[in-house]
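Structure below is data.txt: compact mmCIF, C-alpha atoms (C1' of nucleotides).
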# COMPACT_ATOMS: atom_id res chain seq x y z
CA MET R 275 -65.91 13.02 3.55
CA ASP R 276 -67.75 16.02 2.21
CA LYS R 277 -64.69 17.57 0.69
CA PRO R 278 -63.87 16.29 -2.76
CA PHE R 279 -60.84 14.06 -2.96
CA PHE R 280 -59.28 16.09 -5.71
CA SER R 281 -59.95 19.65 -6.70
CA ILE R 282 -58.38 21.58 -9.50
CA ILE R 283 -57.44 25.10 -8.52
CA LYS R 284 -56.11 26.33 -11.77
CA LYS R 285 -55.70 25.01 -15.28
CA SER R 286 -52.90 26.16 -17.50
CA LYS R 287 -53.80 27.79 -20.77
CA LYS R 288 -50.52 26.77 -22.32
CA SER R 289 -50.62 23.08 -21.60
CA ARG R 290 -52.56 20.39 -19.80
CA ALA R 291 -50.83 21.34 -16.55
CA ARG R 292 -53.00 22.06 -13.56
CA LEU R 293 -52.72 23.10 -9.95
CA GLY R 294 -54.71 20.99 -7.56
CA VAL R 295 -55.26 19.74 -4.05
CA LEU R 296 -55.68 16.21 -2.81
CA GLN R 297 -57.73 15.89 0.37
CA THR R 298 -57.07 12.84 2.50
CA PRO R 299 -57.85 11.83 6.07
CA HIS R 300 -54.23 12.52 6.91
CA GLY R 301 -53.91 15.89 5.31
CA THR R 302 -53.81 17.64 2.01
CA VAL R 303 -51.38 17.61 -0.87
CA GLN R 304 -50.71 20.52 -3.18
CA THR R 305 -50.22 19.25 -6.69
CA PRO R 306 -48.17 18.91 -8.78
CA SER R 307 -46.11 17.21 -6.14
CA PHE R 308 -43.22 14.87 -5.62
CA VAL R 309 -43.92 11.75 -3.58
CA PRO R 310 -40.86 10.47 -1.70
CA VAL R 311 -40.69 6.71 -1.48
CA ALA R 312 -40.77 5.02 1.90
CA THR R 313 -40.97 1.44 0.69
CA LYS R 314 -40.75 -0.35 4.01
CA GLY R 315 -42.48 2.30 6.02
CA THR R 316 -39.55 4.63 6.35
CA LEU R 317 -38.09 7.26 4.13
CA LYS R 318 -34.64 5.76 4.38
CA ALA R 319 -32.28 7.71 6.64
CA ILE R 320 -34.92 10.29 7.56
CA ALA R 321 -36.71 10.32 10.90
CA PRO R 322 -40.37 11.32 10.53
CA ASN R 323 -39.90 14.50 12.58
CA LEU R 324 -37.88 15.89 9.68
CA LEU R 325 -40.42 15.21 6.97
CA LYS R 326 -42.08 18.57 7.29
CA ASP R 327 -38.78 20.42 7.03
CA ILE R 328 -37.83 18.72 3.80
CA GLY R 329 -41.19 19.42 2.25
CA ALA R 330 -42.63 15.92 2.08
CA GLN R 331 -46.39 16.30 1.69
CA VAL R 332 -47.18 12.69 0.89
CA MET R 333 -45.20 9.45 0.68
CA PHE R 334 -45.30 6.09 -1.00
CA VAL R 335 -45.12 2.74 0.80
CA ASN R 336 -44.99 -0.73 -0.66
CA THR R 337 -47.36 -3.59 -0.08
CA PHE R 338 -45.01 -6.37 -1.08
CA HIS R 339 -42.31 -5.29 1.33
CA LEU R 340 -44.70 -4.55 4.17
CA VAL R 341 -46.29 -7.95 3.78
CA LEU R 342 -42.88 -9.55 4.22
CA SER R 343 -42.13 -7.38 7.21
CA PRO R 344 -43.62 -6.51 9.60
CA GLY R 345 -46.70 -8.19 8.09
CA VAL R 346 -50.03 -6.57 7.47
CA ASP R 347 -51.68 -8.02 10.55
CA THR R 348 -49.04 -6.39 12.69
CA LEU R 349 -49.75 -3.12 10.95
CA ARG R 350 -53.47 -3.49 11.48
CA SER R 351 -52.99 -4.26 15.14
CA PHE R 352 -51.18 -0.94 15.48
CA GLY R 353 -53.94 0.90 13.65
CA GLY R 354 -52.15 1.04 10.32
CA ILE R 355 -48.91 2.28 8.91
CA HIS R 356 -49.49 5.91 9.89
CA GLN R 357 -49.59 4.98 13.54
CA TYR R 358 -47.04 2.23 13.40
CA ALA R 359 -44.38 4.28 11.65
CA SER R 360 -45.47 7.64 13.01
CA LEU R 361 -45.99 9.00 9.53
CA GLN R 362 -48.51 11.77 10.01
CA LEU R 363 -49.04 12.68 6.41
CA PRO R 364 -50.98 11.33 3.45
CA LEU R 365 -49.66 8.02 2.20
CA MET R 366 -50.01 6.07 -1.00
CA SER R 367 -49.41 2.35 -1.11
CA ASP R 368 -48.11 0.49 -4.10
CA SER R 369 -49.86 -2.76 -4.84
CA ALA R 370 -46.88 -5.13 -5.35
CA GLY R 371 -47.36 -4.80 -9.09
CA PHE R 372 -43.91 -3.34 -9.49
CA GLN R 373 -42.37 -6.38 -7.82
CA VAL R 374 -43.86 -8.49 -10.58
CA PHE R 375 -41.35 -6.68 -12.71
CA SER R 376 -38.46 -6.00 -10.35
CA LEU R 377 -38.30 -9.39 -8.69
CA GLY R 378 -40.14 -11.68 -11.02
CA SER R 379 -38.54 -11.01 -14.33
CA LYS R 380 -35.01 -10.80 -13.03
CA ILE R 381 -34.22 -13.07 -10.20
CA ASN R 382 -35.95 -16.21 -9.06
CA SER R 383 -37.94 -16.97 -12.13
CA LYS R 384 -38.33 -20.55 -10.89
CA GLY R 385 -40.79 -19.83 -8.12
CA PHE R 386 -42.24 -16.85 -9.92
CA LYS R 387 -45.34 -17.19 -12.02
CA ILE R 388 -48.06 -14.91 -13.36
CA THR R 389 -51.48 -16.46 -13.74
CA GLU R 390 -54.92 -15.02 -14.32
CA LYS R 391 -55.60 -15.51 -10.64
CA GLY R 392 -52.56 -13.63 -9.41
CA VAL R 393 -48.81 -13.78 -9.04
CA HIS R 394 -46.68 -16.33 -7.27
CA PHE R 395 -43.70 -14.56 -5.79
CA LYS R 396 -40.65 -15.74 -3.96
CA SER R 397 -39.35 -13.72 -1.09
CA PRO R 398 -35.96 -12.31 -2.00
CA ARG R 399 -34.94 -12.71 1.60
CA ASP R 400 -35.61 -16.35 2.40
CA GLY R 401 -37.15 -17.78 -0.73
CA ALA R 402 -40.53 -18.27 0.92
CA SER R 403 -43.30 -18.37 -1.62
CA LEU R 404 -45.98 -15.76 -1.57
CA PHE R 405 -49.13 -15.45 -3.65
CA ILE R 406 -50.67 -12.08 -4.35
CA SER R 407 -53.88 -11.61 -6.28
CA PRO R 408 -55.89 -8.43 -6.87
CA GLU R 409 -58.11 -9.42 -3.93
CA GLN R 410 -55.10 -10.12 -1.72
CA SER R 411 -53.45 -6.88 -2.66
CA MET R 412 -56.57 -4.92 -1.73
CA LYS R 413 -56.92 -6.76 1.53
CA HIS R 414 -53.29 -6.11 2.36
CA GLN R 415 -53.53 -2.47 1.42
CA GLU R 416 -56.61 -2.01 3.54
CA LYS R 417 -54.70 -3.37 6.50
CA ILE R 418 -51.69 -1.21 5.75
CA GLY R 419 -54.07 1.69 5.82
CA ALA R 420 -52.62 4.19 3.36
CA ASP R 421 -54.88 6.92 2.03
CA ILE R 422 -54.43 6.11 -1.62
CA LEU R 423 -54.16 2.55 -2.94
CA MET R 424 -52.79 1.32 -6.22
CA ALA R 425 -54.63 -1.36 -8.12
CA PHE R 426 -52.74 -4.62 -8.52
CA ASP R 427 -51.19 -4.51 -11.95
CA GLU R 428 -48.44 -6.09 -13.91
CA CYS R 429 -45.57 -3.72 -14.56
CA ILE R 430 -44.68 -4.76 -18.09
CA PRO R 431 -40.96 -5.05 -18.80
CA HIS R 432 -39.36 -2.96 -21.48
CA GLY R 433 -38.90 -4.54 -24.85
CA VAL R 434 -41.61 -7.19 -24.79
CA SER R 435 -43.64 -8.03 -27.86
CA HIS R 436 -46.89 -6.36 -28.76
CA GLU R 437 -48.57 -9.69 -28.26
CA TYR R 438 -47.31 -10.05 -24.71
CA ALA R 439 -47.95 -6.39 -23.87
CA LEU R 440 -51.54 -6.77 -25.03
CA GLU R 441 -52.04 -9.90 -22.98
CA ALA R 442 -50.54 -8.33 -19.86
CA THR R 443 -52.41 -5.08 -20.31
CA GLU R 444 -55.75 -6.81 -20.65
CA ARG R 445 -54.96 -8.93 -17.63
CA THR R 446 -54.19 -5.77 -15.67
CA HIS R 447 -57.58 -4.42 -16.75
CA ARG R 448 -59.37 -7.52 -15.53
CA TRP R 449 -57.41 -7.30 -12.31
CA LEU R 450 -58.55 -3.71 -11.86
CA LEU R 451 -62.18 -4.78 -12.00
CA ARG R 452 -61.45 -7.34 -9.32
CA CYS R 453 -59.66 -4.72 -7.21
CA ILE R 454 -62.64 -2.39 -7.41
CA LYS R 455 -64.92 -5.21 -6.38
CA ALA R 456 -62.67 -6.36 -3.55
CA LYS R 457 -62.04 -2.98 -1.99
CA LYS R 458 -64.24 -2.40 1.04
CA ARG R 459 -62.95 0.58 2.99
CA LYS R 460 -64.52 3.88 1.99
CA ASP R 461 -61.88 6.09 3.55
CA GLN R 462 -59.26 4.93 1.10
CA ARG R 463 -58.98 5.96 -2.52
CA LEU R 464 -58.12 3.67 -5.37
CA TYR R 465 -56.04 4.46 -8.44
CA GLY R 466 -56.27 2.32 -11.55
CA ILE R 467 -53.05 1.84 -13.47
CA VAL R 468 -52.52 2.34 -17.17
CA GLN R 469 -50.20 -0.17 -18.81
CA GLY R 470 -49.69 -0.86 -22.52
CA GLY R 471 -45.93 -1.21 -22.65
CA GLY R 472 -44.14 0.65 -25.38
CA PHE R 473 -47.05 0.58 -27.82
CA LYS R 474 -49.15 3.56 -28.74
CA ASP R 475 -52.31 1.65 -29.50
CA LEU R 476 -52.11 -0.28 -26.24
CA ARG R 477 -51.36 2.82 -24.19
CA GLU R 478 -54.41 4.52 -25.62
CA GLN R 479 -56.56 1.46 -25.22
CA SER R 480 -55.43 1.04 -21.62
CA ALA R 481 -55.92 4.69 -20.75
CA ARG R 482 -59.42 4.64 -22.20
CA PHE R 483 -60.30 1.49 -20.31
CA ILE R 484 -59.03 2.70 -16.95
CA ALA R 485 -60.74 6.04 -17.46
CA GLU R 486 -64.11 4.33 -17.75
CA GLN R 487 -63.87 2.54 -14.45
CA ASN R 488 -65.01 3.71 -11.08
CA VAL R 489 -61.66 4.83 -9.72
CA ASP R 490 -60.59 7.84 -7.68
CA GLY R 491 -57.45 8.50 -9.63
CA ILE R 492 -55.29 7.08 -12.35
CA ALA R 493 -51.65 6.18 -12.43
CA ILE R 494 -49.53 5.61 -15.48
CA GLY R 495 -47.31 2.62 -14.90
CA GLY R 496 -44.83 0.53 -16.79
CA VAL R 497 -42.52 3.46 -17.40
CA SER R 498 -38.96 3.92 -16.17
CA VAL R 499 -38.31 0.25 -16.71
CA GLY R 500 -35.25 0.62 -18.88
CA GLU R 501 -36.59 2.54 -21.86
CA THR R 502 -35.06 5.76 -23.12
CA GLN R 503 -36.24 9.16 -21.99
CA LYS R 504 -37.96 9.70 -25.32
CA GLU R 505 -39.78 6.38 -25.07
CA MET R 506 -40.87 7.20 -21.55
CA ARG R 507 -42.24 10.55 -22.67
CA ASP R 508 -43.99 8.94 -25.61
CA GLN R 509 -45.72 6.54 -23.29
CA VAL R 510 -46.94 9.39 -21.12
CA ARG R 511 -48.07 11.39 -24.14
CA TRP R 512 -49.92 8.41 -25.58
CA SER R 513 -51.77 7.77 -22.31
CA ALA R 514 -52.41 11.09 -20.61
CA PRO R 515 -54.84 12.72 -23.05
CA PHE R 516 -57.41 10.01 -22.44
CA LEU R 517 -57.52 10.44 -18.70
CA PRO R 518 -60.52 12.26 -17.21
CA GLU R 519 -59.71 15.86 -16.33
CA LYS R 520 -61.24 15.65 -12.92
CA LEU R 521 -59.21 12.72 -11.67
CA PRO R 522 -55.75 13.09 -10.17
CA ARG R 523 -53.02 11.48 -12.25
CA HIS R 524 -49.95 9.85 -10.85
CA LEU R 525 -46.84 8.90 -12.80
CA LEU R 526 -45.26 5.84 -11.29
CA GLY R 527 -41.51 5.75 -10.91
CA VAL R 528 -40.64 9.08 -12.50
CA GLY R 529 -38.19 10.43 -11.77
CA ARG R 530 -35.70 12.64 -13.20
CA PRO R 531 -35.99 16.37 -12.60
CA LYS R 532 -35.79 16.92 -16.36
CA ASP R 533 -38.98 14.93 -16.90
CA PHE R 534 -41.26 16.69 -14.44
CA ARG R 535 -42.23 19.69 -16.54
CA TYR R 536 -42.87 17.54 -19.56
CA ALA R 537 -45.13 15.16 -17.69
CA ILE R 538 -46.90 17.98 -15.91
CA SER R 539 -47.57 19.73 -19.18
CA GLN R 540 -49.18 16.45 -20.24
CA GLY R 541 -51.44 16.67 -17.21
CA MET R 542 -49.69 14.58 -14.60
CA ASP R 543 -50.03 15.59 -10.96
CA THR R 544 -47.89 13.43 -8.72
CA PHE R 545 -44.62 11.55 -9.08
CA ASP R 546 -43.02 8.97 -6.89
CA CYS R 547 -39.43 7.98 -7.34
CA VAL R 548 -36.72 6.36 -5.27
CA GLU R 549 -33.98 8.15 -7.08
CA PRO R 550 -33.46 11.19 -4.86
CA THR R 551 -33.08 9.06 -1.77
CA ARG R 552 -31.15 6.25 -3.40
CA LEU R 553 -28.75 8.66 -5.02
CA ALA R 554 -28.34 10.42 -1.71
CA ARG R 555 -27.35 7.22 0.05
CA THR R 556 -24.83 6.42 -2.63
CA GLY R 557 -23.18 9.80 -2.34
CA THR R 558 -24.81 11.67 -5.21
CA VAL R 559 -26.66 14.91 -4.57
CA PHE R 560 -28.54 17.39 -6.69
CA THR R 561 -27.16 20.78 -7.43
CA ILE R 562 -28.08 23.44 -9.94
CA LYS R 563 -26.11 24.20 -13.05
CA GLY R 564 -27.53 26.94 -15.19
CA LYS R 565 -31.23 26.16 -15.28
CA ASN R 566 -30.90 22.47 -14.70
CA ILE R 567 -30.75 20.23 -11.71
CA VAL R 568 -27.66 18.09 -12.13
CA ARG R 569 -26.04 15.33 -10.14
CA MET R 570 -22.90 15.69 -8.11
CA ASN R 571 -21.00 12.71 -6.77
CA LEU R 572 -19.67 13.78 -3.40
CA MET R 573 -17.22 10.90 -3.31
CA ARG R 574 -15.09 12.45 -6.00
CA PRO R 575 -11.69 13.71 -4.84
CA LEU R 576 -12.29 17.23 -6.03
CA TYR R 577 -14.74 17.90 -3.22
CA LYS R 578 -12.26 17.09 -0.50
CA LYS R 579 -11.49 20.73 0.22
CA ASP R 580 -14.61 22.34 -1.22
CA LYS R 581 -15.94 24.84 1.28
CA LYS R 582 -19.14 25.59 -0.61
CA PRO R 583 -22.50 24.15 0.37
CA ILE R 584 -23.88 21.50 -1.96
CA GLU R 585 -26.19 24.10 -3.51
CA LYS R 586 -26.09 27.71 -2.46
CA THR R 587 -29.69 28.40 -3.40
CA CYS R 588 -30.94 25.46 -1.35
CA SER R 589 -32.61 26.19 1.95
CA CYS R 590 -32.17 22.79 3.55
CA TYR R 591 -30.44 22.13 6.84
CA THR R 592 -27.56 20.41 5.08
CA CYS R 593 -26.81 23.31 2.79
CA LYS R 594 -27.26 25.91 5.47
CA THR R 595 -24.90 24.10 7.81
CA PHE R 596 -22.28 21.98 6.07
CA SER R 597 -19.68 22.13 3.32
CA ARG R 598 -19.23 19.75 0.42
CA SER R 599 -15.94 18.83 2.04
CA TYR R 600 -17.67 17.62 5.19
CA LEU R 601 -20.20 15.61 3.21
CA HIS R 602 -17.33 14.16 1.17
CA HIS R 603 -15.63 13.17 4.39
CA LEU R 604 -18.77 11.57 5.82
CA PHE R 605 -19.27 9.47 2.71
CA ARG R 606 -15.62 8.48 2.52
CA GLU R 607 -15.79 7.29 6.09
CA GLN R 608 -19.22 5.75 5.59
CA GLU R 609 -20.65 7.76 8.42
CA MET R 610 -24.41 7.38 8.64
CA LEU R 611 -24.93 11.09 8.98
CA GLY R 612 -23.87 11.45 5.36
CA HIS R 613 -26.89 9.44 4.27
CA GLN R 614 -29.20 11.57 6.28
CA LEU R 615 -27.77 14.91 5.26
CA ALA R 616 -27.68 13.99 1.58
CA SER R 617 -31.24 12.62 1.73
CA ILE R 618 -32.47 15.76 3.44
CA HIS R 619 -30.92 17.77 0.67
CA ASN R 620 -32.15 15.74 -2.28
CA ILE R 621 -35.72 15.59 -1.06
CA THR R 622 -35.65 19.29 -0.31
CA MET R 623 -34.42 19.93 -3.84
CA MET R 624 -37.40 18.01 -5.19
CA HIS R 625 -39.70 19.98 -2.99
CA LEU R 626 -38.22 23.31 -4.09
CA GLU R 627 -38.45 22.26 -7.70
CA PHE R 628 -42.14 21.45 -7.37
CA GLU R 629 -42.80 24.70 -5.55
CA LYS R 630 -41.24 26.44 -8.49
CA ILE R 631 -43.34 24.42 -10.91
CA ARG R 632 -46.52 25.24 -9.04
CA GLN R 633 -45.64 28.90 -9.19
CA GLU R 634 -45.01 28.64 -12.89
CA ILE R 635 -48.47 27.19 -13.40
CA GLN R 636 -49.93 29.86 -11.15
CA ARG R 637 -48.27 32.56 -13.21
CA GLY R 638 -49.24 30.97 -16.48
CA ILE R 639 -45.69 30.17 -17.52
CA LEU R 640 -46.06 26.38 -17.67
C1' G N 983 24.91 -16.53 20.81
C1' G N 984 21.58 -21.07 19.50
C1' G N 985 16.89 -22.67 17.51
C1' U N 986 12.62 -21.72 14.85
C1' C N 987 8.96 -19.31 11.82
C1' G N 988 8.53 -15.57 8.44
C1' G N 989 9.70 -11.27 4.74
C1' U N 990 4.59 -11.15 -1.84
C1' G N 991 1.79 -5.32 -5.40
C1' G N 992 -0.72 1.26 -0.96
C1' C N 993 -2.36 -2.19 3.35
C1' A N 994 -3.95 -7.10 4.97
C1' G N 995 -3.13 -11.71 3.17
C1' A N 996 -3.24 -16.33 -0.68
C1' G N 997 0.11 -18.90 -3.76
C1' U N 998 5.12 -22.61 -2.39
C1' G N 999 8.92 -25.50 -9.58
C1' G N 1000 5.61 -24.19 -15.41
C1' A N 1001 -1.56 -22.60 -16.50
C1' C N 1002 1.54 -15.97 -12.14
C1' A N 1003 1.82 -9.48 -13.64
C1' A N 1004 0.42 -13.08 -9.29
C1' U N 1005 -6.55 -15.58 -5.75
C1' U N 1006 -9.21 -12.54 -2.29
C1' G N 1007 -10.53 -8.37 0.89
C1' C N 1008 -9.65 -3.27 1.97
C1' A N 1009 -8.04 1.26 0.02
C1' C N 1010 -7.86 4.00 -4.48
C1' G N 1011 -10.02 5.57 -9.52
C1' U N 1012 -14.18 5.91 -12.96
C1' G N 1013 -19.11 5.05 -14.12
C1' G N 1014 -24.20 3.65 -13.03
C1' C N 1015 -28.60 3.99 -10.03
C1' U N 1016 -36.25 6.17 -12.29
C1' G N 1017 -43.77 2.45 -8.66
C1' U N 1018 -36.14 0.27 -3.66
C1' A N 1019 -33.67 -7.49 -2.89
C1' A N 1020 -29.95 -0.91 -3.38
C1' A N 1021 -25.72 2.65 3.27
C1' C N 1022 -25.90 -0.69 -3.49
C1' C N 1023 -23.88 -2.34 -8.24
C1' A N 1024 -20.32 -2.52 -12.47
C1' C N 1025 -15.59 -1.81 -14.38
C1' G N 1026 -10.36 -0.48 -13.62
C1' C N 1027 -6.24 -0.80 -10.42
C1' G N 1028 2.98 -2.49 -12.03
C1' G N 1029 4.88 0.14 -16.62
C1' C N 1030 4.94 0.64 -22.01
C1' C N 1031 2.99 0.39 -26.59
C1' U N 1032 2.25 -1.32 -32.74
C1' U N 1033 -3.54 -3.51 -27.33
C1' G N 1034 -0.69 -8.74 -28.70
C1' C N 1035 -2.75 -15.26 -25.91
C1' G N 1036 3.00 -8.43 -26.97
C1' C N 1037 7.39 -6.37 -24.50
C1' C N 1038 9.73 -4.72 -19.92
C1' U N 1039 10.27 -4.58 -14.63
C1' A N 1040 8.52 -7.24 -10.18
C1' C N 1041 7.09 -11.56 -4.77
C1' G N 1042 13.52 -8.33 1.10
C1' G N 1043 19.21 -7.96 -1.37
C1' G N 1044 22.89 -10.90 -3.93
C1' G N 1045 24.33 -15.53 -6.02
C1' G N 1046 23.08 -20.53 -7.67
C1' U N 1047 20.20 -25.14 -9.46
C1' U N 1048 16.75 -25.76 -13.70
C1' C N 1049 14.66 -25.63 -20.42
C1' G N 1050 11.76 -22.72 -16.66
C1' A N 1051 11.96 -19.94 -9.82
C1' A N 1052 7.42 -15.82 -5.92
C1' U N 1053 8.03 -21.14 -5.28
C1' C N 1054 14.29 -25.33 -4.53
C1' C N 1055 19.67 -24.35 -2.61
C1' C N 1056 23.57 -20.86 -0.52
C1' U N 1057 24.49 -16.26 1.63
C1' C N 1058 23.44 -11.41 3.52
C1' C N 1059 19.81 -7.99 5.61
C1' C N 1060 15.20 -7.37 8.45
C1' G N 1061 11.10 -9.05 11.83
C1' G N 1062 8.27 -12.45 15.36
C1' C N 1063 8.61 -16.29 18.93
C1' C N 1064 11.48 -19.82 22.03
C1' C N 1065 16.09 -21.22 24.59
C1' A N 1066 20.63 -19.43 26.70
If you took the structure in this file and wrote it as structure tokens, what would it be?
Amino acid sequence: MDKPFFSIIKKSKKSRARLGVLQTPHGTVQTPSFVPVATKGTLKAIAPNLLKDIGAQVMFVNTFHLVLSPGVDTLRSFGGIHQYASLQLPLMSDSAGFQVFSLGSKINSKGFKITEKGVHFKSPRDGASLFISPEQSMKHQEKIGADILMAFDECIPHGVSHEYALEATERTHRWLLRCIKAKKRKDQRLYGIVQGGGFKDLREQSARFIAEQNVDGIAIGGVSVGETQKEMRDQVRWSAPFLPEKLPRHLLGVGRPKDFRYAISQGMDTFDCVEPTRLARTGTVFTIKGKNIVRMNLMRPLYKKDKKPIEKTCSCYTCKTFSRSYLHHLFREQEMLGHQLASIHNITMMHLEFEKIRQEIQRGIL
RNA sequence: GGGUCGGUGGCAGAGUGGACAAUUGCACGUGGCUGUAAACCACGCGGCCUUGCGCCUACGGGGGUUCGAAUCCCUCCCGGCCCA
């Protein structure tokens, strides 16, 4: 553990962007970097032996879902998620804070309750009740065994009042202190999470608070919850300047290729998002139009006879081997290979995009 | 030849006198997915337009009963099964 967790290799003169390296027990991560999401311990449709090819340097797993299955004790008995799922790369684990938002606010609000102590959840699968507190989340995450842990937070829904956002943000702060206290393992790193909702004063207040704590990194949360792109960017801009230079910064749930450069110029380093893989499974792949990465729905009839690869400048197995027509056919027929090929492509596109971004920082363009 | 059951929108298959342009599924079309309840979801899906609780055409063909028929009757055509 002599090597520093995060080192900055180069700082941009044009923006807050920086090039860095994260050192973890399971390898290193060049930043800025995309973090594919493997919620339940698998990057959906992708066998781990392909992860290197598609450029995945680090992935994101989810505490809530892993608690439900296979259970954290199972994971511990296998030596952790890396061993269990054969994921030989750095991993981050989300705390279950996002499920406070994604499950709690929407679905079974009956059994769902946020208290100072923690959150009462209901399993979306069988309705079983489940309580997760900051202490529980830490304990679970230690058993899961990822390299980087997220503090247990409340992902604040879009559109709530200032009053509620303040209350939830302060609660998240108190929860962070409890997470720091509860965390025992020294080989895992902890990120505090900035909340604050859609309010400038709260974002700043939250960023300042998190920055003062003894954390290894900081994530900005509560974005990509239904707000507009401008609102999302505002929230990043209101938070990022208050984060310590030397700590790695993660942007939770973002996202869209268009947003990467903006967030990176604000000083963000890593980005997790389900979109590339979810889109891939629903038949939408990334391609390049002009300077932008755009979406292409392979299900559309016009691709039936299209002999071109999805993206001619893409180096992935899918693009080097198959036509749009074949992918169209696979999706029409709901063949599983379609999910895999499209996922390979979309993740590779993210990887290529971040390679490009890193080069731009290196060359002083970004 | 006799008996019997059945023929409904691209397909499967509900409905069996008014609330039916017709349940539902599939297919098809369009759109959406941002710390994954997501190999998912939403909407559309006879035609026309002045978009109206509008008009036209339509539940195998033709005829009839009725204020009113996909639904009842007659007949023809087609199919399944059973008996000769």
Check: Got a sec: who's within 8 Å of R:Tyr577, counting all atoms listed in the file, leaving out chain neighbours fewer than 4 positions off, as a list in words?
Finding: Leu572, Met573, Arg598, Ser599 and His602 of chain R
Output the selection as a PDB file, in the coordinates of the input - C-alpha atoms for each residue.
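Writing done, so here's out.pdb:
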ATOM      1  CA  LEU R 572     -19.670  13.780  -3.400  1.00  0.00           C
ATOM      2  CA  MET R 573     -17.220  10.900  -3.310  1.00  0.00           C
ATOM      3  CA  ARG R 598     -19.230  19.750   0.420  1.00  0.00           C
ATOM      4  CA  SER R 599     -15.940  18.830   2.040  1.00  0.00           C
ATOM      5  CA  HIS R 602     -17.330  14.160   1.170  1.00  0.00           C
TER       6      HIS R 602
END
Note to self: From the options N:G1062, N:G1036, N:G1017, N:G984, which residue's atoms come nearest to chain R, counting all atoms listed in the file?
What the structure shows: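 Under the stated criterion, the closest residue is N:G1017.
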Note to self: Should the cut-off be 10 Å, what would the residue list for chain N against chain R look like, counting all atoms listed in the file, as a ChimeraX atom specification?
What the structure shows: /N:1011-1012,1015-1022
Residues of stretch 988-1033 of chain N that approach stretch 1048-1057 of chain N to 7 Å or less, counting only C-alpha atoms (C1' of nucleotides): could you list each one with the shortest pair of atoms and its distance in Å to one decimal, rows by chain and increasing residue number, as CSV?
residue,atom,partner,partner_atom,distance
N:U990,C1',N:A1052,C1',6.8
N:U998,C1',N:U1053,C1',4.4
N:G999,C1',N:U1053,C1',6.2
N:G1000,C1',N:G1050,C1',6.4
Notebook entry, point to check: Taking only C-alpha atoms (C1' of nucleotides) into account, which of N:A994, N:C1059, N:C1064, N:C1010 comes nearest N:G1026?
Noted result: N:C1010
Notebook entry, point to check: Between atom C1' of N:C1041 and atom C1' of N:G992, what is the spacing in Å?
Noted result: 15.5 Å
Notebook entry, point to check: stretch 407-412 of chain R: which residues within 12 Å, counting only C-alpha atoms (C1' of nucleotides), same-chain residues fewer than 5 positions away excluded, as a PyMOL selection string?
Noted result: chain R and resi 336-341+346+367-371+374+387-395+417-420+422-428+445-459+462-466
Do a neighbour search on R:Asp347 at 12 Å with all atoms listed in the file, toss out local chain neighbours closer than 3 positions, and write the hits as a CSV table (one decimal) with C-alpha atoms, in the coordinates of the input.
chain,number,residue,atom,x,y,z
R,340,LEU,CA,-44.7,-4.6,4.2
R,341,VAL,CA,-46.3,-8.0,3.8
R,342,LEU,CA,-42.9,-9.6,4.2
R,343,SER,CA,-42.1,-7.4,7.2
R,344,PRO,CA,-43.6,-6.5,9.6
R,350,ARG,CA,-53.5,-3.5,11.5
R,351,SER,CA,-53.0,-4.3,15.1
R,352,PHE,CA,-51.2,-0.9,15.5
R,353,GLY,CA,-53.9,0.9,13.6
R,354,GLY,CA,-52.2,1.0,10.3
R,355,ILE,CA,-48.9,2.3,8.9
R,358,TYR,CA,-47.0,2.2,13.4
R,413,LYS,CA,-56.9,-6.8,1.5
R,414,HIS,CA,-53.3,-6.1,2.4
R,415,GLN,CA,-53.5,-2.5,1.4
R,416,GLU,CA,-56.6,-2.0,3.5
R,417,LYS,CA,-54.7,-3.4,6.5
R,418,ILE,CA,-51.7,-1.2,5.8
R,419,GLY,CA,-54.1,1.7,5.8
Check: Which of these, N:A1003, N:C1060, N:C993, N:C1065, has the shortest distance to N:G1029 once you count only C-alpha atoms (C1' of nucleotides)?
Finding: N:A1003
Check: Could you work out how far atom CA of R:Asp533 lies from atom CA of R:Gln503, giving the answer in Å with one decimal?
Finding: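 A separation of 8.2 Å between them.
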Counting only C-alpha atoms (C1' of nucleotides), what is within 6 Å of R:Gly470, bar same-chain residues fewer than 6 positions away, as a compact mmCIF listing (two decimals) with C-alpha atoms, in the frame of the given file?
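Printed below is out_31.txt as written:
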# COMPACT_ATOMS: atom_id res chain seq x y z
CA ALA R 439 -47.95 -6.39 -23.87
CA THR R 443 -52.41 -5.08 -20.31
CA LEU R 476 -52.11 -0.28 -26.24
CA ARG R 477 -51.36 2.82 -24.19
Next item on the list: Write out as an MDAnalysis selection string each polymer residue whose atoms come within 12 Å of N:G1061, counting all atoms listed in the file; drop sequence neighbours fewer than 3 positions from it.
Entry: chainID N and resid 987:989 1042
Next item on the list: Please measure the separation of atom CA of R:Glu585 and atom CA of R:Arg535, giving the value in Å to one decimal.
Entry: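 Straight-line distance from atom CA of R:Glu585 to atom CA of R:Arg535 works out to 21.1 Å.
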Margin query: Distance cut-off 8 Å, centre (-55.3, 4.8, -16.8) in file coordinates, counting all atoms listed in the file: which residues qualify? Return them as a PyMOL selection string.
Written below: chain R and resi 466-469+480-485+492-494+513-514+516-517
